[in-house]
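S.K.: File name target12.tsv; file contents TSV, C-alpha atoms; full text below.
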```tsv
chain	number	residue	atom	x	y	z
A	1	MET	CA	-53.52	47.97	-4.01
A	2	ASP	CA	-52.27	47.05	-7.46
A	3	MET	CA	-54.24	43.94	-8.35
A	4	ASN	CA	-52.27	43.51	-11.54
A	5	LYS	CA	-49.23	42.81	-9.40
A	6	PHE	CA	-51.01	39.80	-8.01
A	7	GLU	CA	-52.66	38.65	-11.21
A	8	LYS	CA	-49.43	38.27	-13.15
A	9	ARG	CA	-47.30	36.19	-10.86
A	10	PHE	CA	-44.98	33.41	-11.81
A	11	PRO	CA	-44.92	30.09	-9.93
A	12	ALA	CA	-42.52	29.95	-6.98
A	13	TYR	CA	-40.17	27.59	-8.82
A	14	PHE	CA	-39.26	30.40	-11.21
A	15	ALA	CA	-36.72	31.34	-8.54
A	16	ASN	CA	-34.63	28.46	-9.90
A	17	PHE	CA	-33.59	30.35	-13.02
A	18	THR	CA	-33.17	33.76	-14.57
A	19	MET	CA	-35.74	34.80	-17.13
A	20	PRO	CA	-33.90	35.37	-20.43
A	21	GLU	CA	-33.58	38.99	-21.43
A	22	GLY	CA	-35.22	38.29	-24.75
A	23	ALA	CA	-38.39	36.87	-23.22
A	24	ARG	CA	-41.27	39.24	-23.88
A	25	ASP	CA	-44.96	39.65	-24.37
A	26	GLN	CA	-45.62	38.65	-27.97
A	27	ARG	CA	-48.12	36.70	-29.97
A	28	ILE	CA	-46.49	33.86	-31.87
A	29	LYS	CA	-48.57	31.29	-33.70
A	30	VAL	CA	-47.44	27.94	-32.33
A	31	LEU	CA	-48.24	24.25	-32.24
A	32	ARG	CA	-48.42	22.02	-29.21
A	33	ALA	CA	-48.53	18.21	-29.14
A	34	CYS	CA	-51.35	17.23	-26.77
A	35	ARG	CA	-50.46	14.28	-24.59
A	36	THR	CA	-54.09	13.68	-23.61
A	37	CYS	CA	-55.36	14.36	-27.14
A	38	CYS	CA	-57.45	17.16	-25.65
A	39	VAL	CA	-57.01	20.88	-25.29
A	40	GLU	CA	-56.90	20.89	-21.50
A	41	LYS	CA	-54.60	21.65	-18.62
A	42	GLU	CA	-52.87	18.26	-18.60
A	43	SER	CA	-51.73	18.78	-22.19
A	44	PHE	CA	-50.42	22.24	-21.46
A	45	LEU	CA	-48.18	21.78	-18.47
A	46	PRO	CA	-44.74	23.39	-18.43
A	47	THR	CA	-42.00	20.77	-18.66
A	48	TYR	CA	-41.10	21.14	-14.97
A	49	GLU	CA	-44.67	20.46	-13.87
A	50	GLU	CA	-45.01	17.57	-16.32
A	51	ASN	CA	-42.09	16.00	-14.51
A	52	VAL	CA	-43.76	16.48	-11.13
A	53	CYS	CA	-41.62	19.49	-10.32
A	54	CYS	CA	-38.36	17.65	-10.77
A	55	VAL	CA	-35.35	18.48	-12.86
A	56	LEU	CA	-34.37	15.43	-14.85
A	57	GLU	CA	-30.81	14.15	-14.81
A	58	SER	CA	-30.43	15.17	-18.46
A	59	GLN	CA	-31.48	18.75	-17.69
A	60	GLU	CA	-29.60	21.73	-16.28
A	61	PRO	CA	-31.46	23.03	-13.20
A	62	ASP	CA	-30.98	26.68	-14.18
A	63	ASP	CA	-31.92	26.24	-17.85
A	64	PRO	CA	-34.94	28.48	-18.53
A	65	GLY	CA	-36.16	25.91	-21.06
A	66	VAL	CA	-36.83	23.41	-18.27
A	67	TYR	CA	-39.51	25.68	-16.83
A	68	SER	CA	-41.32	26.73	-19.96
A	69	LEU	CA	-44.19	25.27	-21.96
A	70	SER	CA	-42.61	23.78	-25.09
A	71	THR	CA	-44.17	24.68	-28.40
A	72	TYR	CA	-43.03	24.81	-32.01
A	73	GLU	CA	-43.76	27.38	-34.68
A	74	LYS	CA	-43.34	25.06	-37.65
A	75	PRO	CA	-45.46	21.96	-38.25
A	76	ARG	CA	-42.45	19.94	-39.45
A	77	ASP	CA	-40.81	20.30	-36.03
A	78	VAL	CA	-43.83	19.24	-34.02
A	79	LYS	CA	-44.30	16.37	-36.48
A	80	ARG	CA	-40.76	15.21	-35.85
A	81	PHE	CA	-41.25	15.57	-32.12
A	82	VAL	CA	-44.30	13.30	-32.05
A	83	ALA	CA	-42.55	10.80	-34.34
A	84	THR	CA	-39.70	10.38	-31.88
A	85	ASN	CA	-41.49	10.48	-28.52
A	86	TYR	CA	-43.08	7.28	-27.23
A	87	GLN	CA	-46.00	9.11	-25.64
A	88	TYR	CA	-47.27	10.40	-28.96
A	89	LYS	CA	-47.97	7.37	-31.07
A	90	PRO	CA	-50.86	7.64	-33.55
A	91	PRO	CA	-53.53	8.79	-33.23
A	92	PHE	CA	-51.84	11.82	-31.68
A	93	LYS	CA	-53.42	15.25	-31.56
A	94	ILE	CA	-51.80	18.59	-32.18
A	95	ALA	CA	-53.26	21.92	-31.20
A	96	ILE	CA	-52.66	25.30	-32.81
A	97	GLY	CA	-52.81	28.57	-30.95
A	98	VAL	CA	-51.01	31.74	-29.97
A	99	THR	CA	-48.63	32.67	-27.15
A	100	GLU	CA	-51.03	35.16	-25.62
A	101	PRO	CA	-49.24	37.64	-23.34
A	102	VAL	CA	-52.01	37.34	-20.80
A	103	CYS	CA	-50.56	33.89	-20.02
A	104	GLY	CA	-46.93	34.92	-19.91
A	105	PRO	CA	-43.91	35.98	-21.92
A	106	SER	CA	-42.34	33.87	-24.64
A	107	GLN	CA	-39.18	33.58	-26.69
A	108	ARG	CA	-38.04	31.78	-29.79
A	109	THR	CA	-35.37	29.48	-28.31
A	110	LYS	CA	-32.85	30.15	-31.06
A	111	GLU	CA	-32.72	33.80	-29.96
A	112	ARG	CA	-30.81	32.73	-26.87
A	113	LYS	CA	-29.38	29.49	-28.32
A	114	PRO	CA	-28.28	30.39	-31.85
A	115	GLN	CA	-27.05	26.85	-32.50
A	116	GLN	CA	-30.64	25.61	-32.19
A	117	LYS	CA	-31.97	25.56	-35.71
A	118	ASN	CA	-35.53	24.46	-35.20
A	119	SER	CA	-38.60	26.53	-34.41
A	120	HIS	CA	-38.96	25.73	-30.71
A	121	VAL	CA	-40.67	28.47	-28.69
A	122	ASP	CA	-40.48	28.71	-24.92
A	123	TRP	CA	-43.53	30.11	-23.15
A	124	TRP	CA	-43.19	30.92	-19.47
A	125	LEU	CA	-46.61	30.76	-17.86
A	126	TYR	CA	-47.97	32.79	-14.98
A	127	GLU	CA	-49.50	30.98	-12.06
A	128	ASN	CA	-53.04	29.87	-12.90
A	129	ALA	CA	-52.56	30.77	-16.55
A	130	GLU	CA	-54.83	28.89	-18.96
A	131	PRO	CA	-52.94	28.77	-22.24
A	132	TYR	CA	-55.22	26.01	-23.59
A	133	ASN	CA	-58.02	28.58	-23.87
A	134	HIS	CA	-56.09	30.05	-26.78
A	135	PHE	CA	-55.65	26.80	-28.70
A	136	GLU	CA	-57.77	24.49	-30.77
A	137	LEU	CA	-57.20	20.94	-31.90
A	138	ILE	CA	-56.28	20.30	-35.50
A	139	ASP	CA	-58.66	17.69	-36.88
A	140	ASN	CA	-56.37	16.15	-39.44
A	141	PHE	CA	-52.75	17.15	-38.96
A	142	ASN	CA	-51.56	15.58	-42.22
A	143	GLU	CA	-54.06	17.66	-44.19
A	144	PHE	CA	-53.15	20.74	-42.21
A	145	TYR	CA	-49.47	20.15	-42.91
A	146	SER	CA	-50.09	19.62	-46.65
A	147	GLU	CA	-52.00	22.89	-46.83
A	148	TYR	CA	-49.25	24.63	-44.88
A	149	LYS	CA	-46.61	23.38	-47.31
A	150	LYS	CA	-48.69	24.52	-50.31
A	151	GLU	CA	-49.13	27.97	-48.83
A	152	LYS	CA	-45.43	28.27	-48.12
A	153	GLY	CA	-44.56	26.96	-51.55
A	154	ILE	CA	-42.73	24.01	-50.02
A	155	ILE	CA	-44.55	21.31	-51.99
A	156	LYS	CA	-42.90	20.78	-55.35
B	1	MET	CA	-17.34	18.59	-27.41
B	2	LYS	CA	-19.95	17.74	-24.81
B	3	SER	CA	-20.27	14.12	-23.83
B	4	PHE	CA	-23.63	12.34	-24.01
B	5	PHE	CA	-22.81	8.97	-22.45
B	6	GLN	CA	-19.92	6.59	-22.00
B	7	SER	CA	-19.45	2.90	-21.39
B	8	LYS	CA	-17.01	0.13	-22.19
B	9	GLU	CA	-19.27	-1.02	-25.01
B	10	THR	CA	-19.98	2.31	-26.66
B	11	GLY	CA	-16.88	4.25	-25.79
B	12	ILE	CA	-17.25	7.93	-24.97
B	13	LEU	CA	-20.16	9.22	-27.05
B	14	GLN	CA	-19.71	12.89	-27.74
B	15	PHE	CA	-22.40	15.04	-29.33
B	16	ASP	CA	-21.85	15.45	-33.05
B	17	VAL	CA	-24.93	16.97	-34.69
B	18	VAL	CA	-28.32	17.73	-33.14
B	19	LEU	CA	-31.14	17.40	-35.66
B	20	LEU	CA	-34.11	17.98	-33.36
B	21	GLU	CA	-34.33	19.38	-29.86
B	22	SER	CA	-36.70	20.99	-27.45
B	23	TYR	CA	-35.22	21.73	-24.03
B	24	HIS	CA	-32.84	18.83	-24.67
B	25	PRO	CA	-31.48	17.05	-27.74
B	26	ILE	CA	-34.05	14.63	-29.14
B	27	LEU	CA	-32.63	13.30	-32.40
B	28	PHE	CA	-28.88	13.55	-32.76
B	29	THR	CA	-25.65	11.84	-33.74
B	30	CYS	CA	-22.62	11.17	-31.58
B	31	VAL	CA	-19.10	10.00	-32.31
B	32	ASN	CA	-16.83	7.97	-30.07
B	33	GLU	CA	-13.04	7.86	-29.87
B	34	LYS	CA	-12.92	5.31	-32.71
B	35	ASP	CA	-14.81	7.81	-34.89
B	36	GLU	CA	-17.81	5.50	-34.98
B	37	LEU	CA	-21.00	7.41	-35.73
B	38	PHE	CA	-24.08	6.76	-33.61
B	39	LEU	CA	-27.66	7.84	-34.28
B	40	CYS	CA	-29.53	8.51	-31.05
B	41	VAL	CA	-33.07	9.40	-30.10
B	42	CYS	CA	-34.36	10.50	-26.73
B	43	CYS	CA	-37.62	8.61	-26.89
B	44	GLN	CA	-38.70	9.24	-23.30
B	45	ALA	CA	-38.04	12.11	-20.92
B	46	ASP	CA	-40.44	12.19	-18.00
B	47	LYS	CA	-40.71	11.56	-14.29
B	48	GLU	CA	-40.40	7.81	-14.88
B	49	ALA	CA	-37.07	7.86	-16.68
B	50	THR	CA	-35.07	9.36	-19.48
B	51	LYS	CA	-34.44	6.85	-22.23
B	52	TRP	CA	-32.48	6.85	-25.44
B	53	LEU	CA	-32.04	4.40	-28.27
B	54	ALA	CA	-28.66	4.49	-29.97
B	55	THR	CA	-27.19	2.58	-32.87
B	56	ASP	CA	-24.05	2.87	-34.95
B	57	VAL	CA	-24.96	4.15	-38.35
B	58	LYS	CA	-23.36	4.84	-41.72
B	59	PRO	CA	-23.03	8.48	-42.69
B	60	SER	CA	-24.71	7.62	-46.00
B	61	THR	CA	-27.77	6.53	-44.01
B	62	MET	CA	-27.84	9.93	-42.34
B	63	VAL	CA	-27.66	11.63	-45.74
B	64	ASN	CA	-30.52	9.46	-46.99
B	65	MET	CA	-32.65	10.31	-43.98
B	66	LEU	CA	-32.01	14.05	-44.30
B	67	GLN	CA	-32.85	13.88	-47.99
B	68	ASN	CA	-36.20	12.23	-47.21
B	69	GLN	CA	-35.21	9.00	-48.93
B	70	ILE	CA	-35.70	6.79	-45.89
B	71	THR	CA	-37.82	7.16	-42.78
B	72	ILE	CA	-36.47	8.13	-39.38
B	73	ARG	CA	-37.20	4.61	-38.15
B	74	ASP	CA	-35.39	3.10	-41.14
B	75	ALA	CA	-32.30	5.10	-40.26
B	76	PHE	CA	-32.21	3.24	-36.93
B	77	LEU	CA	-32.82	-0.20	-38.36
B	78	LEU	CA	-31.37	-0.44	-41.87
B	79	ASP	CA	-27.68	-0.66	-41.06
B	80	LYS	CA	-28.24	-3.47	-38.55
B	81	GLY	CA	-25.59	-1.98	-36.33
B	82	LYS	CA	-25.03	-2.37	-32.62
B	83	ARG	CA	-28.23	-1.48	-30.79
B	84	TYR	CA	-28.28	0.09	-27.38
B	85	THR	CA	-30.86	1.32	-24.91
B	86	VAL	CA	-29.62	3.89	-22.42
B	87	ILE	CA	-31.81	4.57	-19.42
B	88	CYS	CA	-31.35	7.19	-16.76
B	89	LYS	CA	-33.45	6.59	-13.66
B	90	ASP	CA	-32.85	7.91	-10.17
B	91	LYS	CA	-29.61	9.45	-11.43
B	92	LYS	CA	-28.26	6.05	-12.48
B	93	TYR	CA	-27.43	5.18	-16.06
B	94	THR	CA	-28.01	1.70	-17.42
B	95	LEU	CA	-26.95	0.37	-20.79
B	96	ILE	CA	-28.79	-2.52	-22.41
B	97	LYS	CA	-27.57	-4.15	-25.60
B	98	ASN	CA	-30.10	-5.41	-28.14
B	99	ASP	CA	-33.17	-5.08	-25.96
B	100	PRO	CA	-35.63	-7.34	-27.81
B	101	GLN	CA	-38.64	-5.18	-26.98
B	102	ASP	CA	-37.13	-1.77	-27.67
B	103	TRP	CA	-35.68	-2.76	-31.03
B	104	ASP	CA	-38.43	-5.01	-32.33
B	105	PRO	CA	-40.18	-3.04	-35.09
B	106	GLU	CA	-43.41	-4.93	-34.44
B	107	LYS	CA	-43.48	-4.40	-30.71
B	108	SER	CA	-41.41	-1.36	-29.82
B	109	ASP	CA	-43.07	1.74	-28.42
B	110	TYR	CA	-39.73	3.52	-28.46
B	111	LEU	CA	-38.56	3.36	-32.05
B	112	PRO	CA	-39.60	6.41	-34.08
B	113	THR	CA	-43.07	6.06	-35.55
B	114	ALA	CA	-43.13	3.89	-38.65
B	115	GLY	CA	-43.57	5.71	-41.94
B	116	GLU	CA	-42.45	9.11	-40.71
B	117	TYR	CA	-39.84	10.99	-42.72
B	118	MET	CA	-37.84	14.02	-41.65
B	119	ASP	CA	-39.78	15.93	-44.35
B	120	ALA	CA	-36.75	18.14	-44.67
B	121	GLU	CA	-37.18	21.24	-46.78
B	122	ASP	CA	-34.74	21.77	-49.63
B	123	ASP	CA	-32.03	23.75	-47.92
B	124	GLU	CA	-32.82	22.83	-44.35
B	125	PHE	CA	-30.03	20.35	-43.66
B	126	LEU	CA	-27.43	21.37	-46.23
B	127	GLU	CA	-24.71	21.84	-43.63
B	128	GLU	CA	-25.49	18.59	-41.89
B	129	ILE	CA	-25.56	16.64	-45.18
B	130	GLU	CA	-22.20	18.12	-46.09
B	131	HIS	CA	-20.89	17.11	-42.69
B	132	TYR	CA	-21.98	13.48	-43.12
B	133	LYS	CA	-20.64	13.36	-46.67
B	134	ASN	CA	-17.29	14.54	-45.36
B	135	ILE	CA	-17.34	11.67	-42.90
B	136	MET	CA	-18.14	9.28	-45.75
B	137	PHE	CA	-15.21	10.45	-47.77
B	138	GLN	CA	-12.88	10.46	-44.81
B	139	ASN	CA	-13.89	6.85	-44.19
B	140	ILE	CA	-13.23	6.02	-47.84
B	141	PHE	CA	-9.85	7.69	-47.73
B	142	LYS	CA	-8.99	5.75	-44.61
B	143	LYS	CA	-9.61	2.51	-46.51
B	144	ASN	CA	-7.72	3.51	-49.62
B	145	GLU	CA	-4.26	4.99	-49.29
B	146	GLU	CA	-4.16	5.81	-53.00
B	147	LEU	CA	-7.07	8.20	-52.69
B	148	LYS	CA	-5.20	10.39	-50.27
B	149	LYS	CA	-2.94	11.47	-53.09
B	150	PHE	CA	-5.64	13.20	-55.05
B	151	SER	CA	-9.19	14.41	-55.04
B	152	LEU	CA	-11.91	13.58	-57.55
B	153	ASN	CA	-14.58	15.97	-56.44
B	154	GLY	CA	-17.02	15.59	-59.26
B	155	LEU	CA	-16.88	11.84	-59.54
B	156	ILE	CA	-16.95	11.20	-55.83
B	157	PHE	CA	-20.09	13.24	-55.40
B	158	GLU	CA	-21.63	11.54	-58.36
B	159	PHE	CA	-21.20	8.13	-56.82
B	160	ASN	CA	-23.27	9.50	-53.98
B	161	MET	CA	-25.35	6.49	-53.19
B	162	HIS	CA	-22.91	3.83	-54.15
B	163	GLU	CA	-19.46	5.01	-53.22
B	164	GLU	CA	-19.05	3.12	-50.04
B	165	ASN	CA	-19.49	-0.14	-51.89
B	166	ILE	CA	-17.56	0.82	-54.99
B	167	PHE	CA	-14.71	2.53	-53.26
B	168	ALA	CA	-14.47	0.18	-50.35
B	169	LYS	CA	-13.94	-2.73	-52.71
B	170	SER	CA	-11.22	-1.19	-54.76
B	171	PHE	CA	-11.34	2.29	-56.17
B	172	ILE	CA	-8.19	1.82	-58.11
B	173	GLU	CA	-9.91	-0.93	-60.01
B	174	VAL	CA	-12.69	1.27	-61.29
B	175	SER	CA	-13.00	0.21	-64.89
B	176	ASP	CA	-14.69	1.60	-67.96
B	177	ASP	CA	-17.33	-1.09	-67.57
B	178	LEU	CA	-18.23	0.05	-64.10
B	179	VAL	CA	-18.42	3.67	-65.12
B	180	ILE	CA	-20.60	2.76	-68.10
B	181	LYS	CA	-22.87	0.71	-65.85
B	182	TYR	CA	-23.18	3.55	-63.44
B	183	ARG	CA	-23.70	6.10	-66.17
B	184	ASN	CA	-26.68	4.10	-67.38
B	185	THR	CA	-28.40	4.75	-64.09
B	186	LEU	CA	-28.11	8.50	-64.60
B	187	ASN	CA	-30.09	10.95	-66.67
B	188	GLU	CA	-28.75	12.12	-70.03
B	189	LYS	CA	-27.10	15.29	-68.80
B	190	ARG	CA	-25.15	13.55	-66.08
B	191	GLN	CA	-24.20	10.74	-68.43
B	192	GLU	CA	-22.50	13.28	-70.64
B	193	GLU	CA	-20.70	14.86	-67.75
B	194	ILE	CA	-19.49	11.53	-66.40
B	195	GLY	CA	-18.26	10.65	-69.86
B	196	ILE	CA	-16.17	13.79	-70.00
B	197	GLN	CA	-14.75	13.24	-66.56
B	198	LYS	CA	-13.86	9.63	-67.21
B	199	SER	CA	-11.82	10.60	-70.19
B	200	LYS	CA	-9.82	12.91	-67.98
B	201	PHE	CA	-8.50	10.30	-65.63
B	202	LEU	CA	-7.14	6.83	-65.57
B	203	ILE	CA	-7.31	4.71	-62.50
B	204	ARG	CA	-6.38	1.17	-63.15
B	205	GLY	CA	-4.08	-1.04	-61.16
B	206	ASN	CA	-0.92	0.81	-60.23
B	207	GLU	CA	-0.91	3.25	-63.11
B	208	PRO	CA	-0.50	6.87	-62.17
B	209	SER	CA	-3.72	8.80	-61.79
B	210	VAL	CA	-4.57	12.19	-63.10
B	211	PRO	CA	-6.74	14.40	-60.91
B	212	ILE	CA	-9.91	15.85	-62.32
B	213	SER	CA	-10.14	19.59	-62.17
B	214	ALA	CA	-13.20	20.91	-60.34
```
Using structure tokens, write down the structure that the file contains.

M.R.:
Amino acid sequence: MDMNKFEKRFPAYFANFTMPEGARDQRIKVLRACRTCCVEKESFLPTYEENVCCVLESQEPDDPGVYSLSTYEKPRDVKRFVATNYQYKPPFKIAIGVTEPVCGPSQRTKERKPQQKNSHVDWWLYENAEPYNHFELIDNFNEFYSEYKKEKGIIK
Amino acid sequence: MKSFFQSKETGILQFDVVLLESYHPILFTCVNEKDELFLCVCCQADKEATKWLATDVKPSTMVNMLQNQITIRDAFLLDKGKRYTVICKDKKYTLIKNDPQDWDPEKSDYLPTAGEYMDAEDDEFLEEIEHYKNIMFQNIFKKNEELKKFSLNGLIFEFNMHEENIFAKSFIEVSDDLVIKYRNTLNEKRQEEIGIQKSKFLIRGNEPSVPISA
């Protein structure tokens, strides 16, 4: 019996869409806005599960992005996300981590949607995956972002 | 162009530019059939409802936001345009005009967080800024028939922050005084350049105008 076959299994609702060809096992450093301000399961639910396994009216039911865990590579994008979403008013918390393949494959969204300019990363999680084990909370996001900009030479 | 929403009040809002998205557009502009520009934010997308705030906005405001000169919230409030809340719940869309809670900067949970800028990097939104500037100039040209006859690339771009006011009033009445006043707001290098350009054209009353070469 191949136990690996059973360990790496996607949730049943993955039958609703086709996994993009470009999705693969890779380690991308990403940021996740934590709704509960904690690194825990409730802050790391795929969009579909966050919406109680419903596809919202504004969503396409076969869009792979509906079923992924949303993350961003660049701090500026997650910063803009929390600034525009009513659930993330200060003091919000952002976690930093990696898209570990043990939890599932991932893809930079712009690889399949070239018109998407930002750094959104889709991460499709196996059943019972625990992505939060690979993340830690950033104490002070503004400081983190300032350091990031200095390192990248963005600050003038 | 894909449609975002339509109503008698807003017209048919078609997607124009998406500035931020995840699995759906979050911060974006739309245009309707009257070429009115709307700034929209999807401030809520969960099992309760999907909710957007939308307001008509000047293209110069969009440029200012993308150049980190005003906050994201300011972009929604500064122009004091028409203010709409669009809610989708149980597959039904509802439009509310001027919701006092949603649009009150003191009370709203749905306006973008106060004090937050786009923090755009230098070349990040060059295309989008160009797009909104083109809308600005198209709007100016619509108001001034004379301008359609020629192009003043250098000077138009120089009046970046002021052109809507200056041109909307009466471009053909741009006088030396006005140019001098504006020059005084610029640094030395640009003052010199403006001086040179001004001497190359004459726009006063109904006198013929000479286009500036690029």

S.K.: For Pro20 in chain A, find every residue with an atom within 8 Å (counting all atoms listed in the file), except residues of its own chain fewer than 2 positions away, and show them as a list in words.

M.R.: Thr18, Gly22, Ala23, Pro64 and Arg112 of chain A

S.K.: Would you mind listing, as an NGL selection string, all residues of chain A that have at least one atom within 9 Å of chain B, where only C-alpha atoms are what counts?

M.R.: :A and (47 or 50-59 or 63-66 or 68 or 70-72 or 76-77 or 79-90 or 109 or 116-118 or 120-122 or 154)

S.K.: Give the answer as one residue: which of A:Lys74, A:Arg9, A:Leu69, A:Ile138 has the shortest atom-to-atom distance to Glu42 in chain A, using only C-alpha atoms?

M.R.: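 Looking at the shortest contact to Glu42 in chain A, the residue is A:Leu69.
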
S.K.: With 7 Å as the threshold, what does the neighbourhood of (-30.0, 3.2, -25.5) contain in terms of residues, counting all atoms listed in the file? Coordinates are those of the file; answer as a tab-separated table (two decimals) with C-alpha atoms, keeping the file's coordinate frame.

M.R.:
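New file result_19.tsv:
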```tsv
chain	number	residue	atom	x	y	z
B	51	LYS	CA	-34.44	6.85	-22.23
B	52	TRP	CA	-32.48	6.85	-25.44
B	53	LEU	CA	-32.04	4.40	-28.27
B	54	ALA	CA	-28.66	4.49	-29.97
B	84	TYR	CA	-28.28	0.09	-27.38
B	85	THR	CA	-30.86	1.32	-24.91
B	86	VAL	CA	-29.62	3.89	-22.42
B	87	ILE	CA	-31.81	4.57	-19.42
B	95	LEU	CA	-26.95	0.37	-20.79
B	96	ILE	CA	-28.79	-2.52	-22.41
```

S.K.: Have a look at A:Leu45, A:Asp62, A:Glu143, A:Tyr148 and name the one nearest to Phe14 in chain A; count all atoms listed in the file.

M.R.: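 Of A:Leu45, A:Asp62, A:Glu143, A:Tyr148, the one nearest Phe14 in chain A is A:Asp62, counting all atoms listed in the file.
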
S.K.: Near Gln26 in chain A, counting all atoms listed in the file, which residues have an atom at most 7 Å away, once you skip same-chain residues fewer than 6 positions from it, shown as a list of chain:residue names?

M.R.: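 Skipping anything fewer than 6 positions along the chain leaves A:Thr99, A:Glu100, A:Pro101, A:Pro105, A:Ser106.
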
S.K.: Find the residues around Glu136 in chain A up to 8 Å (all atoms listed in the file counted), leave out those fewer than 6 positions away in its own chain, and share them as a ChimeraX atom specification.

M.R.: /A:39,95-97

S.K.: Find the smallest box with edges along x, y and z containing every listed atom of range 70-73 of chain B, then add 5 Å on each side and report centre and edge lengths in Å to one decimal, as lines of an AutoDock Vina configuration file.

M.R.:
```
center_x = -36.8
center_y = 6.4
center_z = -42.0
size_x = 12.1
size_y = 13.5
size_z = 17.7
```

S.K.: Looking at A:Pro46, A:Pro11, A:Pro131, A:Gly153, which one is nearest to Val102 in chain A, with distances taken over only C-alpha atoms?

M.R.: A:Pro131

S.K.: What lies within 8 Å of Val98 in chain A using all atoms listed in the file, ignoring chain neighbours under 3 positions off, as an mmCIF file with C-alpha atoms, in the coordinates of the input?

M.R.:
```
data_model
loop_
_atom_site.group_PDB
_atom_site.id
_atom_site.type_symbol
_atom_site.label_atom_id
_atom_site.label_comp_id
_atom_site.auth_asym_id
_atom_site.auth_seq_id
_atom_site.Cartn_x
_atom_site.Cartn_y
_atom_site.Cartn_z
ATOM 1 C CA ARG A 27 -48.120 36.700 -29.970
ATOM 2 C CA ILE A 28 -46.490 33.860 -31.870
ATOM 3 C CA LYS A 29 -48.570 31.290 -33.700
ATOM 4 C CA VAL A 30 -47.440 27.940 -32.330
ATOM 5 C CA HIS A 134 -56.090 30.050 -26.780
ATOM 6 C CA PHE A 135 -55.650 26.800 -28.700
#
```

S.K.: So how many Å separate CA of Lys97 in chain B and CA of Phe38 in chain B, to one decimal?

M.R.: 14.0 Å
